[in-house]
Amino acid sequence: MPYFHYRELDELRADIAARGHVIPLDGDFAPLAAPARIGERVAANRLAVHPMEGCDGNADGTPGELTRRRWRRFAEGGAALLWGEATAVVPEGRANPRQLLISRGTAPALRSMLEETRAARRARFGTDAGFIVGLQLTHSGRWSHAAPVVAQRAPPIDAVRGAGAALIADAELERLADAFADAAVLARDAGFDFVDIKQCHTYLLNELLASHTREGAYGGTFAQRTRFVREVFAKVAARAPGIALATRLNMYDGVPFRPDGDGAAPTAFDTPYRYGWGAAPGDPLTPDLAEPVRLVGELRALGLGLVNLTMGSPYFNPHVGRPFERPPVDGYAPPEHPLVGVERHLALAGTMQRAHPDLPMIGTGYSWLRQFALHAGAANVAAGGISIVGLGRGALAYPDFAVDGLERGALDANRACIGVSYCTALMRAKHNDLGQYPTGCVPRDRVYAPLLREARRTEGWR
Ligand SMILES: Cc1cc2nc3c(=O)[nH]c(=O)nc-3n(C[C@H](O)[C@H](O)[C@H](O)COP(=O)(O)O)c2cc1C
């Protein structure tokens with residue numbers, strides 16, 4: 001039986017109760033229609049599109065036609081917040097050769113895409129008031145495709161990737177902080193409302209937070225592991241006044257998993273575990289939010305005004321970040337019922353939000369709930385467990401989810417994400433002229449099924 005087999009809300013409710021989970025669901029979406037204050041700005045509703053890379057930029061880091069199409073579709077879909085995807089601040093920090101790059105050379109193209117995105121919003125709704133668009137600034141660290149670097153040697157993670165990667169030097173980090181500040185200035189001047197200093201999914205800034213064994217100024221104690229991001233925030237605030245400061249933050253990294261029998265199991269690790277952020281050192285399978293809560297407090301003092309909460313690594317424990325029905329090609333069958341993952345997301349986000357009740361936070365992990373995603377979102381917003389509800393895969397599949405939810409009071413089951421991980425598979429496909437296939441929703445968007453067929457052939461997938 002598939003994990004997701006619910007036609008009616010009550011069937012889902014009954015299964016949640018039978019499994020002993022706490023995932024409230026509410027059919028009244030009014031809480032999602034309320035505006036949300038984000039610093040000086042006001043978002044028209046409480047729905048967001050998460051950053052979703054299409055791996056469809058041009059070789060020079062400018063957006064491609066599919067990038068522009070995706071952003072237009074998100075704008076037309078009605079979510080108040082469009083969280084622009086991973087955009088490298090230096091060429092060597094790109095995760096793939098088609099990832100967006102922000103530089104003096106690419107900024108005009110980013111600006112024109114943003115203008116086109118806002119124009120699409122106005123054409124659909126008559127206004128772009130209350131539509132807030134940001135850009136995620138990143139360095140991919142050990143997952144960079146051309147010149148990977150690690151923040152620390154981490155044997156369980158080096159075994160997945162990065163064993164041969166150089167340890168990034170303190171002096172390089174100092175230069176990189178300036179690159180983030182330069183990027184923020186360019187993003188502000190291009191018209192973005194906010195920049196996200198990305199600290200998630202085990203990319204470089206996330207890995208620094210976990211670098212207990214790194215020596216020097218940027219590793220070891222909490223103060224040293226968080227020094228780099230605090231320096232970046234201070235530089236961005238000083239050099240790019242006017243742009244709102246956001247961060248997409250891992251609440252919890254977890255440990256690498258590997259296929260095991262019909263599912264998956266954690267790879268071997270020693271305790272105290274020295275390679276995970278938000279993970280209890282004595283038992284890294286258990287989240288410990290003390291440090292993430294503290295970091296958010298410290299970044300608020302430096303101007304942080306918006307947080308997007310997430311967790312896990314798409315490369316070594318994908319079930320943690322994106323509860324799925326079927327695994328991606330490089331993944332494994334879920335080691336837990338996806339409802340366990342959904343509940344973990346919602347519970348941890350609730351703890352973070354309640355620790356900082358007046359700071360707008362966006363929650364993740366809703367897409368597996370398909371047409372009932374907004375039922376969970378509405379209940380969480382009403383209960384103060386989150387300020388804004390975001391969809392990632394759910395938005396790729398169904399860009400109009402917000403307008404349908406808010407205007408019709410229901411989502412269409414036939415348009416919802418079905419969690420079969422083809423989008424992740426396309427991200428992993430590299431054997432074409434550009435060294436990277438574009439990605440999107442294979443079951444729901446006619447553009448991508450032919451691409452998956454071709455990728456199956458070139459990658460040799462059965
Ligand atoms: C194809 C694809 C691209 C993604 N791109 C990004 C990205 O650029 N930045 C980021 O922070 N997360 C990215 N993610 C993760 C999603 O934003 C989101 O955290 C994840 O899919 C779980 O949310 P969901 O259950 O709503 O899909 C990506 C995920 C997928 C499947």
# chains A, B, ... in the order shown; residues from 1 in each chain; ligands from 1

$ residues_near_ligand --ligand "ligand 1" --cutoff "9 Å" --atoms "only C-alpha atoms and all ligand atoms" --output "compact mmCIF listing (two decimals) with N, CA and C atoms, in the first residue's frame"
# COMPACT_ATOMS: atom_id res chain seq x y z
N VAL A 49 6.42 30.25 -1.24
CA VAL A 49 7.08 29.26 -2.09
C VAL A 49 8.51 29.15 -1.60
N HIS A 50 8.89 27.93 -1.22
CA HIS A 50 10.26 27.72 -0.75
C HIS A 50 11.25 27.88 -1.91
N PRO A 51 12.52 28.11 -1.57
CA PRO A 51 13.53 28.14 -2.64
C PRO A 51 13.58 26.78 -3.34
N MET A 52 13.40 26.79 -4.64
CA MET A 52 13.39 25.55 -5.44
C MET A 52 14.22 25.76 -6.68
N GLU A 53 15.44 25.26 -6.63
CA GLU A 53 16.33 25.34 -7.79
C GLU A 53 15.80 24.54 -8.94
N GLY A 54 15.90 25.09 -10.12
CA GLY A 54 15.54 24.32 -11.31
C GLY A 54 16.76 23.80 -12.05
N CYS A 55 17.97 24.16 -11.57
CA CYS A 55 19.21 23.74 -12.25
C CYS A 55 19.10 24.07 -13.73
N TRP A 83 10.48 32.84 -2.22
CA TRP A 83 11.84 32.73 -1.66
C TRP A 83 12.74 32.24 -2.78
N GLY A 84 13.41 33.17 -3.46
CA GLY A 84 14.23 32.83 -4.63
C GLY A 84 15.29 31.80 -4.26
N GLU A 85 15.59 30.96 -5.23
CA GLU A 85 16.40 29.77 -5.01
C GLU A 85 17.88 30.05 -4.76
N ALA A 86 18.59 28.98 -4.45
CA ALA A 86 20.03 29.03 -4.17
C ALA A 86 20.78 29.74 -5.30
N THR A 87 21.54 30.76 -4.91
CA THR A 87 22.30 31.57 -5.86
C THR A 87 23.69 31.75 -5.27
N GLN A 99 23.60 26.35 -11.70
CA GLN A 99 23.07 27.10 -10.56
C GLN A 99 23.23 28.59 -10.83
N GLN A 136 18.17 33.65 -2.22
CA GLN A 136 18.97 32.84 -1.30
C GLN A 136 20.44 32.89 -1.73
N THR A 138 24.30 31.72 -1.32
CA THR A 138 24.90 30.48 -0.82
C THR A 138 26.33 30.26 -1.27
N LYS A 198 22.14 31.68 3.54
CA LYS A 198 21.73 30.27 3.63
C LYS A 198 22.59 29.47 4.60
N GLN A 199 21.93 28.86 5.57
CA GLN A 199 22.63 28.03 6.57
C GLN A 199 21.92 26.70 6.71
N CYS A 200 21.70 26.02 5.60
CA CYS A 200 20.93 24.78 5.72
C CYS A 200 21.45 23.71 4.78
N HIS A 201 20.87 22.52 4.94
CA HIS A 201 21.07 21.38 4.03
C HIS A 201 22.55 21.01 3.88
N ARG A 248 17.73 30.95 5.86
CA ARG A 248 17.14 29.61 5.87
C ARG A 248 18.07 28.76 6.71
N LEU A 249 17.54 28.26 7.82
CA LEU A 249 18.37 27.67 8.86
C LEU A 249 18.00 26.21 9.08
N ASN A 308 13.48 30.96 7.73
CA ASN A 308 12.85 29.82 7.07
C ASN A 308 13.47 28.56 7.67
N LEU A 309 12.64 27.74 8.30
CA LEU A 309 13.13 26.61 9.09
C LEU A 309 13.12 25.32 8.29
N THR A 310 14.24 24.61 8.33
CA THR A 310 14.33 23.37 7.57
C THR A 310 15.28 22.44 8.30
N MET A 311 15.58 21.29 7.70
CA MET A 311 16.54 20.39 8.35
C MET A 311 17.04 19.32 7.40
N PRO A 314 19.96 16.86 1.80
CA PRO A 314 19.40 16.12 0.66
C PRO A 314 20.34 15.04 0.17
N VAL A 320 14.75 13.14 6.02
CA VAL A 320 14.61 14.12 7.12
C VAL A 320 14.08 15.45 6.57
N GLY A 321 14.63 15.89 5.47
CA GLY A 321 14.24 17.20 4.95
C GLY A 321 12.98 17.17 4.11
N ARG A 322 12.79 16.09 3.34
CA ARG A 322 11.67 16.02 2.38
C ARG A 322 10.97 14.69 2.49
N PRO A 323 10.10 14.53 3.46
CA PRO A 323 9.38 13.25 3.56
C PRO A 323 8.81 12.87 2.19
N PHE A 324 9.10 11.62 1.76
CA PHE A 324 8.75 11.23 0.39
C PHE A 324 8.05 9.89 0.35
N VAL A 342 6.98 14.45 8.75
CA VAL A 342 6.14 15.66 8.75
C VAL A 342 5.98 16.16 10.19
N GLY A 363 7.56 27.65 7.92
CA GLY A 363 7.73 26.22 8.17
C GLY A 363 7.84 25.44 6.87
N THR A 364 8.48 24.27 6.97
CA THR A 364 8.74 23.38 5.84
C THR A 364 8.16 22.00 6.16
N GLY A 365 8.10 21.14 5.13
CA GLY A 365 7.74 19.74 5.39
C GLY A 365 6.27 19.43 5.17
N TYR A 366 5.57 20.31 4.47
CA TYR A 366 4.13 20.14 4.29
C TYR A 366 3.75 19.38 3.01
N SER A 367 4.67 19.32 2.03
CA SER A 367 4.24 18.85 0.70
C SER A 367 3.74 17.41 0.69
N TRP A 368 4.30 16.56 1.56
CA TRP A 368 3.86 15.16 1.52
C TRP A 368 2.37 15.03 1.84
N LEU A 369 1.82 16.04 2.51
CA LEU A 369 0.39 15.98 2.87
C LEU A 369 -0.53 16.28 1.68
N ALA A 373 -2.15 19.74 2.73
CA ALA A 373 -1.01 20.50 3.26
C ALA A 373 -1.49 21.78 3.97
N GLY A 390 5.22 27.27 4.06
CA GLY A 390 5.88 27.20 2.76
C GLY A 390 5.72 25.83 2.11
N LEU A 391 5.63 25.83 0.79
CA LEU A 391 5.66 24.58 0.03
C LEU A 391 6.83 24.61 -0.93
N GLY A 392 7.53 23.49 -1.01
CA GLY A 392 8.64 23.35 -1.95
C GLY A 392 8.20 22.52 -3.15
N ARG A 393 8.30 21.17 -3.01
CA ARG A 393 7.87 20.31 -4.11
C ARG A 393 6.40 20.56 -4.44
N GLY A 394 5.62 20.88 -3.40
CA GLY A 394 4.21 21.15 -3.62
C GLY A 394 3.98 22.35 -4.53
N ALA A 395 4.90 23.30 -4.49
CA ALA A 395 4.76 24.49 -5.34
C ALA A 395 5.24 24.21 -6.76
N LEU A 396 6.25 23.36 -6.90
CA LEU A 396 6.69 22.98 -8.26
C LEU A 396 5.56 22.25 -8.98
N CYS A 417 1.69 17.60 -5.35
CA CYS A 417 2.92 16.79 -5.40
C CYS A 417 2.61 15.39 -4.88
N GLY A 419 5.20 13.17 -4.30
CA GLY A 419 6.37 12.74 -3.51
C GLY A 419 7.16 11.58 -4.09
N SER A 421 9.85 11.89 -6.07
CA SER A 421 11.28 12.24 -6.12
C SER A 421 11.88 12.34 -7.51
N TYR A 422 11.05 12.46 -8.55
CA TYR A 422 11.63 12.64 -9.88
C TYR A 422 12.34 13.98 -9.98
N CYS A 423 11.86 14.99 -9.26
CA CYS A 423 12.55 16.30 -9.29
C CYS A 423 13.97 16.14 -8.76
N THR A 424 14.13 15.39 -7.70
CA THR A 424 15.48 15.16 -7.16
C THR A 424 16.31 14.34 -8.14
N ALA A 425 15.68 13.36 -8.79
CA ALA A 425 16.41 12.54 -9.76
C ALA A 425 16.97 13.42 -10.87
N LEU A 426 16.15 14.32 -11.40
CA LEU A 426 16.64 15.19 -12.48
C LEU A 426 17.80 16.07 -12.00
N MET A 427 17.73 16.49 -10.74
CA MET A 427 18.85 17.28 -10.19
C MET A 427 20.15 16.50 -10.21
N THR A 439 15.47 20.69 -13.72
CA THR A 439 14.50 19.91 -12.96
C THR A 439 13.19 20.66 -12.75
N GLY A 440 12.15 19.87 -12.53
CA GLY A 440 10.81 20.40 -12.27
C GLY A 440 9.93 19.22 -11.94
N CYS A 441 8.62 19.40 -12.04
CA CYS A 441 7.71 18.34 -11.61
C CYS A 441 7.34 17.44 -12.79

$ closest_atom_pairs --of "segment 104-196 of chain A" --to "segment 203-213 of chain A" --cutoff "12 Å" --atoms "only C-alpha atoms" --output "tab-separated table"
residue	atom	partner	partner_atom	distance
A:Leu137	CA	A:Leu205	CA	10.5
A:Thr138	CA	A:Tyr203	CA	7.8
A:His139	CA	A:Leu204	CA	5.8
A:Ser140	CA	A:Tyr203	CA	4.7
A:Gly141	CA	A:Leu204	CA	4.1
A:Arg142	CA	A:Tyr203	CA	6.9
A:Trp143	CA	A:Tyr203	CA	6.8
A:Ser144	CA	A:Tyr203	CA	8.6
A:Pro148	CA	A:Leu204	CA	9.7
A:Val149	CA	A:Leu204	CA	8.0
A:Val150	CA	A:Leu204	CA	7.1
A:Ala151	CA	A:Leu208	CA	5.5
A:Gln152	CA	A:Ser211	CA	5.8
A:Arg153	CA	A:Thr213	CA	7.7
A:Ala154	CA	A:Thr213	CA	8.4
A:Pro155	CA	A:Thr213	CA	11.3
A:Ile157	CA	A:Glu207	CA	10.5
A:Gly162	CA	A:Tyr203	CA	11.7
A:Leu167	CA	A:Leu204	CA	11.0
A:Ile168	CA	A:Leu204	CA	9.5
A:Ala169	CA	A:Leu208	CA	11.9
A:Asp170	CA	A:Leu208	CA	11.4
A:Leu173	CA	A:Leu205	CA	10.1
A:Leu176	CA	A:Leu205	CA	10.8
A:Ala177	CA	A:Leu205	CA	10.7
A:Phe180	CA	A:Leu205	CA	11.4
A:Asp196	CA	A:Leu205	CA	11.8

$ write_last_selection --atoms "C-alpha atoms" --output "mmCIF file, in the first residue's frame"
data_model
loop_
_atom_site.group_PDB
_atom_site.id
_atom_site.type_symbol
_atom_site.label_atom_id
_atom_site.label_comp_id
_atom_site.auth_asym_id
_atom_site.auth_seq_id
_atom_site.Cartn_x
_atom_site.Cartn_y
_atom_site.Cartn_z
ATOM 1 C CA LEU A 137 22.719 33.525 -1.161
ATOM 2 C CA THR A 138 24.903 30.476 -0.817
ATOM 3 C CA HIS A 139 28.229 28.729 -0.961
ATOM 4 C CA SER A 140 27.804 25.000 -1.500
ATOM 5 C CA GLY A 141 30.875 23.928 0.487
ATOM 6 C CA ARG A 142 31.543 20.202 0.158
ATOM 7 C CA TRP A 143 28.724 19.879 -2.400
ATOM 8 C CA SER A 144 30.269 22.468 -4.777
ATOM 9 C CA PRO A 148 34.514 21.533 -3.088
ATOM 10 C CA VAL A 149 35.715 22.735 0.305
ATOM 11 C CA VAL A 150 34.847 21.473 3.761
ATOM 12 C CA ALA A 151 34.506 23.359 7.025
ATOM 13 C CA GLN A 152 35.920 20.468 9.011
ATOM 14 C CA ARG A 153 36.987 16.883 8.455
ATOM 15 C CA ALA A 154 33.889 14.855 9.302
ATOM 16 C CA PRO A 155 34.524 11.137 8.678
ATOM 17 C CA ILE A 157 30.092 12.784 5.990
ATOM 18 C CA GLY A 162 34.225 15.550 0.221
ATOM 19 C CA LEU A 167 39.612 22.510 4.337
ATOM 20 C CA ILE A 168 38.604 26.127 3.742
ATOM 21 C CA ALA A 169 41.118 28.462 5.413
ATOM 22 C CA ASP A 170 40.157 31.250 7.823
ATOM 23 C CA LEU A 173 36.322 32.732 4.900
ATOM 24 C CA LEU A 176 33.904 35.038 1.445
ATOM 25 C CA ALA A 177 32.148 37.228 4.028
ATOM 26 C CA PHE A 180 28.208 37.763 0.693
ATOM 27 C CA ASP A 196 18.714 34.858 2.738
#

$ residues_around --residues "Asp128 of chain A" --least-positions-apart "6" --cutoff "7 Å" --atoms "only C-alpha atoms" --output "ChimeraX atom specification"
/A:118,121-122

$ atom_distance --atom1 "atom CA of Ala79 of chain A" --atom2 "atom CA of Arg111 of chain A"
20.3 Å

$ select_by_dssp --residues "segment 287-381 of chain A" --states "alpha helix (DSSP H)" --output "JSON, numbers by chain"
{"A": [290, 291, 292, 293, 294, 295, 296, 297, 298, 299, 300, 318, 319, 320, 321, 338, 339, 340, 341, 342, 343, 344, 345, 346, 347, 348, 349, 350, 351, 352, 353, 354, 355, 373, 374, 375, 376, 377, 378, 379, 380, 381]}

$ residues_around --residues "Arg462 of chain A" --least-positions-apart "3" --cutoff "12 Å" --atoms "only C-alpha atoms" --output "PDB file with all heavy atoms, in the first residue's frame"
ATOM      1  N   VAL A 329      16.880   8.546  -7.146  1.00  0.00           N
ATOM      2  CA  VAL A 329      17.791   7.497  -7.632  1.00  0.00           C
ATOM      3  C   VAL A 329      18.947   7.214  -6.681  1.00  0.00           C
ATOM      4  O   VAL A 329      19.382   6.078  -6.563  1.00  0.00           O
ATOM      5  CB  VAL A 329      18.423   7.869  -8.988  1.00  0.00           C
ATOM      6  CG1 VAL A 329      17.492   7.543 -10.111  1.00  0.00           C
ATOM      7  CG2 VAL A 329      18.870   9.318  -9.039  1.00  0.00           C
ATOM      8  N   LEU A 452      13.063  13.555 -18.166  1.00  0.00           N
ATOM      9  CA  LEU A 452      13.352  12.382 -17.325  1.00  0.00           C
ATOM     10  C   LEU A 452      13.618  11.154 -18.199  1.00  0.00           C
ATOM     11  O   LEU A 452      14.521  10.365 -17.915  1.00  0.00           O
ATOM     12  CB  LEU A 452      12.208  12.105 -16.351  1.00  0.00           C
ATOM     13  CG  LEU A 452      12.516  10.958 -15.378  1.00  0.00           C
ATOM     14  CD1 LEU A 452      13.648  11.319 -14.415  1.00  0.00           C
ATOM     15  CD2 LEU A 452      11.291  10.543 -14.582  1.00  0.00           C
ATOM     16  N   ARG A 453      12.845  11.038 -19.287  1.00  0.00           N
ATOM     17  CA  ARG A 453      13.079   9.899 -20.191  1.00  0.00           C
ATOM     18  C   ARG A 453      14.505   9.935 -20.739  1.00  0.00           C
ATOM     19  O   ARG A 453      15.216   8.934 -20.745  1.00  0.00           O
ATOM     20  CB  ARG A 453      12.072   9.932 -21.353  1.00  0.00           C
ATOM     21  CG  ARG A 453      10.742   9.263 -21.003  1.00  0.00           C
ATOM     22  CD  ARG A 453       9.963   8.891 -22.254  1.00  0.00           C
ATOM     23  NE  ARG A 453       9.571  10.058 -23.040  1.00  0.00           N
ATOM     24  CZ  ARG A 453       8.510  10.826 -22.765  1.00  0.00           C
ATOM     25  NH1 ARG A 453       7.723  10.538 -21.744  1.00  0.00           N
ATOM     26  NH2 ARG A 453       8.221  11.866 -23.518  1.00  0.00           N
ATOM     27  N   GLU A 454      14.905  11.136 -21.159  1.00  0.00           N
ATOM     28  CA  GLU A 454      16.258  11.265 -21.712  1.00  0.00           C
ATOM     29  C   GLU A 454      17.310  10.988 -20.625  1.00  0.00           C
ATOM     30  O   GLU A 454      18.299  10.288 -20.867  1.00  0.00           O
ATOM     31  CB  GLU A 454      16.413  12.688 -22.259  1.00  0.00           C
ATOM     32  CG  GLU A 454      17.684  12.907 -23.040  1.00  0.00           C
ATOM     33  CD  GLU A 454      17.855  14.391 -23.379  1.00  0.00           C
ATOM     34  OE1 GLU A 454      16.885  15.030 -23.829  1.00  0.00           O
ATOM     35  OE2 GLU A 454      18.973  14.904 -23.164  1.00  0.00           O
ATOM     36  N   ALA A 455      17.062  11.510 -19.432  1.00  0.00           N
ATOM     37  CA  ALA A 455      18.039  11.311 -18.351  1.00  0.00           C
ATOM     38  C   ALA A 455      18.162   9.833 -17.990  1.00  0.00           C
ATOM     39  O   ALA A 455      19.256   9.343 -17.710  1.00  0.00           O
ATOM     40  CB  ALA A 455      17.625  12.122 -17.123  1.00  0.00           C
ATOM     41  N   ARG A 456      17.059   9.117 -18.018  1.00  0.00           N
ATOM     42  CA  ARG A 456      17.135   7.677 -17.728  1.00  0.00           C
ATOM     43  C   ARG A 456      18.121   7.000 -18.670  1.00  0.00           C
ATOM     44  O   ARG A 456      18.866   6.107 -18.283  1.00  0.00           O
ATOM     45  CB  ARG A 456      15.761   7.026 -17.942  1.00  0.00           C
ATOM     46  CG  ARG A 456      14.795   7.201 -16.798  1.00  0.00           C
ATOM     47  CD  ARG A 456      13.663   6.174 -16.989  1.00  0.00           C
ATOM     48  NE  ARG A 456      12.410   6.597 -16.391  1.00  0.00           N
ATOM     49  CZ  ARG A 456      12.157   6.577 -15.091  1.00  0.00           C
ATOM     50  NH1 ARG A 456      13.079   6.161 -14.248  1.00  0.00           N
ATOM     51  NH2 ARG A 456      10.993   6.981 -14.639  1.00  0.00           N
ATOM     52  N   ARG A 457      18.090   7.448 -19.929  1.00  0.00           N
ATOM     53  CA  ARG A 457      18.957   6.846 -20.940  1.00  0.00           C
ATOM     54  C   ARG A 457      20.414   7.278 -20.705  1.00  0.00           C
ATOM     55  O   ARG A 457      21.302   6.440 -20.600  1.00  0.00           O
ATOM     56  CB  ARG A 457      18.463   7.284 -22.327  1.00  0.00           C
ATOM     57  CG  ARG A 457      19.086   6.547 -23.495  1.00  0.00           C
ATOM     58  CD  ARG A 457      18.363   6.861 -24.803  1.00  0.00           C
ATOM     59  NE  ARG A 457      18.088   8.283 -25.018  1.00  0.00           N
ATOM     60  CZ  ARG A 457      18.986   9.192 -25.393  1.00  0.00           C
ATOM     61  NH1 ARG A 457      20.220   8.828 -25.607  1.00  0.00           N
ATOM     62  NH2 ARG A 457      18.637  10.464 -25.546  1.00  0.00           N
ATOM     63  N   THR A 458      20.633   8.584 -20.570  1.00  0.00           N
ATOM     64  CA  THR A 458      22.030   9.047 -20.500  1.00  0.00           C
ATOM     65  C   THR A 458      22.684   8.658 -19.167  1.00  0.00           C
ATOM     66  O   THR A 458      23.899   8.477 -19.098  1.00  0.00           O
ATOM     67  CB  THR A 458      22.140  10.576 -20.671  1.00  0.00           C
ATOM     68  OG1 THR A 458      21.345  11.213 -19.684  1.00  0.00           O
ATOM     69  CG2 THR A 458      21.664  11.009 -22.045  1.00  0.00           C
ATOM     70  N   GLU A 459      21.883   8.542 -18.109  1.00  0.00           N
ATOM     71  CA  GLU A 459      22.474   8.200 -16.803  1.00  0.00           C
ATOM     72  C   GLU A 459      22.552   6.687 -16.625  1.00  0.00           C
ATOM     73  O   GLU A 459      23.128   6.222 -15.635  1.00  0.00           O
ATOM     74  CB  GLU A 459      21.641   8.786 -15.657  1.00  0.00           C
ATOM     75  CG  GLU A 459      21.364  10.277 -15.757  1.00  0.00           C
ATOM     76  CD  GLU A 459      22.613  11.141 -15.740  1.00  0.00           C
ATOM     77  OE1 GLU A 459      23.421  11.007 -14.823  1.00  0.00           O
ATOM     78  OE2 GLU A 459      22.769  11.959 -16.676  1.00  0.00           O
TER      79      GLU A 459
END

$ select_by_dssp --residues "segment 109-159 of chain A" --states "strand (DSSP E or B)" --output "ChimeraX atom specification"
/A:132-138,149-150

$ atom_distance --atom1 "atom CA of Arg444 of chain A" --atom2 "atom CA of Ala397 of chain A"
5.4 Å

$ residues_around --residues "segment 58-65 of chain A" --least-positions-apart "6" --cutoff "8 Å" --atoms "only C-alpha atoms" --output "ChimeraX atom specification"
/A:97-102,106,109-110,113,434

$ write_last_selection --atoms "all heavy atoms" --output "compact mmCIF listing (two decimals), in the first residue's frame"
# COMPACT_ATOMS: atom_id res chain seq x y z
N PRO A 97 26.69 23.22 -12.53
CA PRO A 97 27.09 24.23 -13.52
C PRO A 97 25.93 25.09 -14.03
O PRO A 97 26.17 26.01 -14.81
CB PRO A 97 27.70 23.41 -14.66
CG PRO A 97 27.29 22.00 -14.43
CD PRO A 97 26.91 21.85 -12.98
N ARG A 98 24.71 24.80 -13.60
CA ARG A 98 23.57 25.62 -14.02
C ARG A 98 22.93 26.35 -12.85
O ARG A 98 21.82 26.88 -12.96
CB ARG A 98 22.56 24.76 -14.77
CG ARG A 98 23.19 24.11 -15.99
CD ARG A 98 22.20 23.43 -16.86
NE ARG A 98 21.34 24.39 -17.53
CZ ARG A 98 20.37 24.04 -18.37
NH1 ARG A 98 20.15 22.77 -18.62
NH2 ARG A 98 19.61 24.95 -18.94
N GLN A 99 23.60 26.35 -11.70
CA GLN A 99 23.07 27.10 -10.56
C GLN A 99 23.23 28.59 -10.83
O GLN A 99 24.21 29.03 -11.45
CB GLN A 99 23.83 26.72 -9.28
CG GLN A 99 23.24 27.34 -8.02
CD GLN A 99 23.81 26.72 -6.75
OE1 GLN A 99 25.01 26.78 -6.51
NE2 GLN A 99 22.96 26.12 -5.95
N LEU A 100 22.29 29.37 -10.32
CA LEU A 100 22.40 30.82 -10.47
C LEU A 100 23.63 31.32 -9.72
O LEU A 100 24.03 30.75 -8.70
CB LEU A 100 21.14 31.54 -9.94
CG LEU A 100 19.82 31.21 -10.62
CD1 LEU A 100 18.70 32.06 -10.02
CD2 LEU A 100 19.90 31.42 -12.12
N LEU A 101 24.18 32.42 -10.24
CA LEU A 101 25.34 33.07 -9.63
C LEU A 101 25.00 34.54 -9.57
O LEU A 101 24.43 35.09 -10.52
CB LEU A 101 26.56 32.84 -10.53
CG LEU A 101 27.83 33.62 -10.20
CD1 LEU A 101 28.47 33.07 -8.91
CD2 LEU A 101 28.84 33.52 -11.35
N ILE A 102 25.35 35.19 -8.46
CA ILE A 102 25.15 36.65 -8.42
C ILE A 102 26.51 37.34 -8.46
O ILE A 102 27.40 37.04 -7.67
CB ILE A 102 24.27 37.09 -7.22
CG1 ILE A 102 24.04 38.60 -7.29
CG2 ILE A 102 24.83 36.64 -5.87
CD1 ILE A 102 22.86 39.08 -6.44
N THR A 106 26.05 39.18 -13.70
CA THR A 106 24.73 38.51 -13.80
C THR A 106 23.60 39.36 -13.22
O THR A 106 22.42 39.06 -13.45
CB THR A 106 24.72 37.16 -13.05
OG1 THR A 106 24.95 37.42 -11.65
CG2 THR A 106 25.79 36.21 -13.58
N ALA A 109 20.63 40.54 -15.39
CA ALA A 109 19.69 39.47 -15.79
C ALA A 109 18.80 39.06 -14.61
O ALA A 109 17.61 38.76 -14.79
CB ALA A 109 20.46 38.26 -16.31
N LEU A 110 19.35 39.08 -13.40
CA LEU A 110 18.52 38.77 -12.22
C LEU A 110 17.46 39.86 -12.04
O LEU A 110 16.31 39.59 -11.73
CB LEU A 110 19.39 38.64 -10.97
CG LEU A 110 20.29 37.40 -10.93
CD1 LEU A 110 21.30 37.50 -9.79
CD2 LEU A 110 19.46 36.13 -10.76
N MET A 113 14.74 39.35 -14.57
CA MET A 113 13.84 38.25 -14.19
C MET A 113 12.89 38.69 -13.07
O MET A 113 11.70 38.36 -13.07
CB MET A 113 14.64 37.03 -13.73
CG MET A 113 13.73 35.89 -13.26
SD MET A 113 14.58 34.33 -12.99
CE MET A 113 15.53 34.71 -11.52
N LEU A 434 25.45 20.42 -21.01
CA LEU A 434 25.70 21.44 -20.00
C LEU A 434 26.15 20.85 -18.67
O LEU A 434 26.38 21.56 -17.71
CB LEU A 434 24.43 22.29 -19.80
CG LEU A 434 24.06 23.09 -21.06
CD1 LEU A 434 22.63 23.59 -20.99
CD2 LEU A 434 25.02 24.26 -21.24

$ residues_around --residues "Glu174 of chain A" --least-positions-apart "2" --cutoff "12 Å" --atoms "only C-alpha atoms" --output "list in words"
Ile168, Ala169, Asp170, Ala171, Glu172, Leu176, Ala177, Asp178, Ala179, Phe180, Ala181, Ala217, Tyr218, Arg227, Phe228, Val229, Arg230, Glu231, Val232 and Lys235 of chain A

$ residues_around --residues "segment 298-303 of chain A" --least-positions-apart "2" --cutoff "8 Å" --atoms "only C-alpha atoms" --output "JSON, numbers by chain"
{"A": [230, 233, 234, 237, 244, 245, 294, 295, 296, 305]}
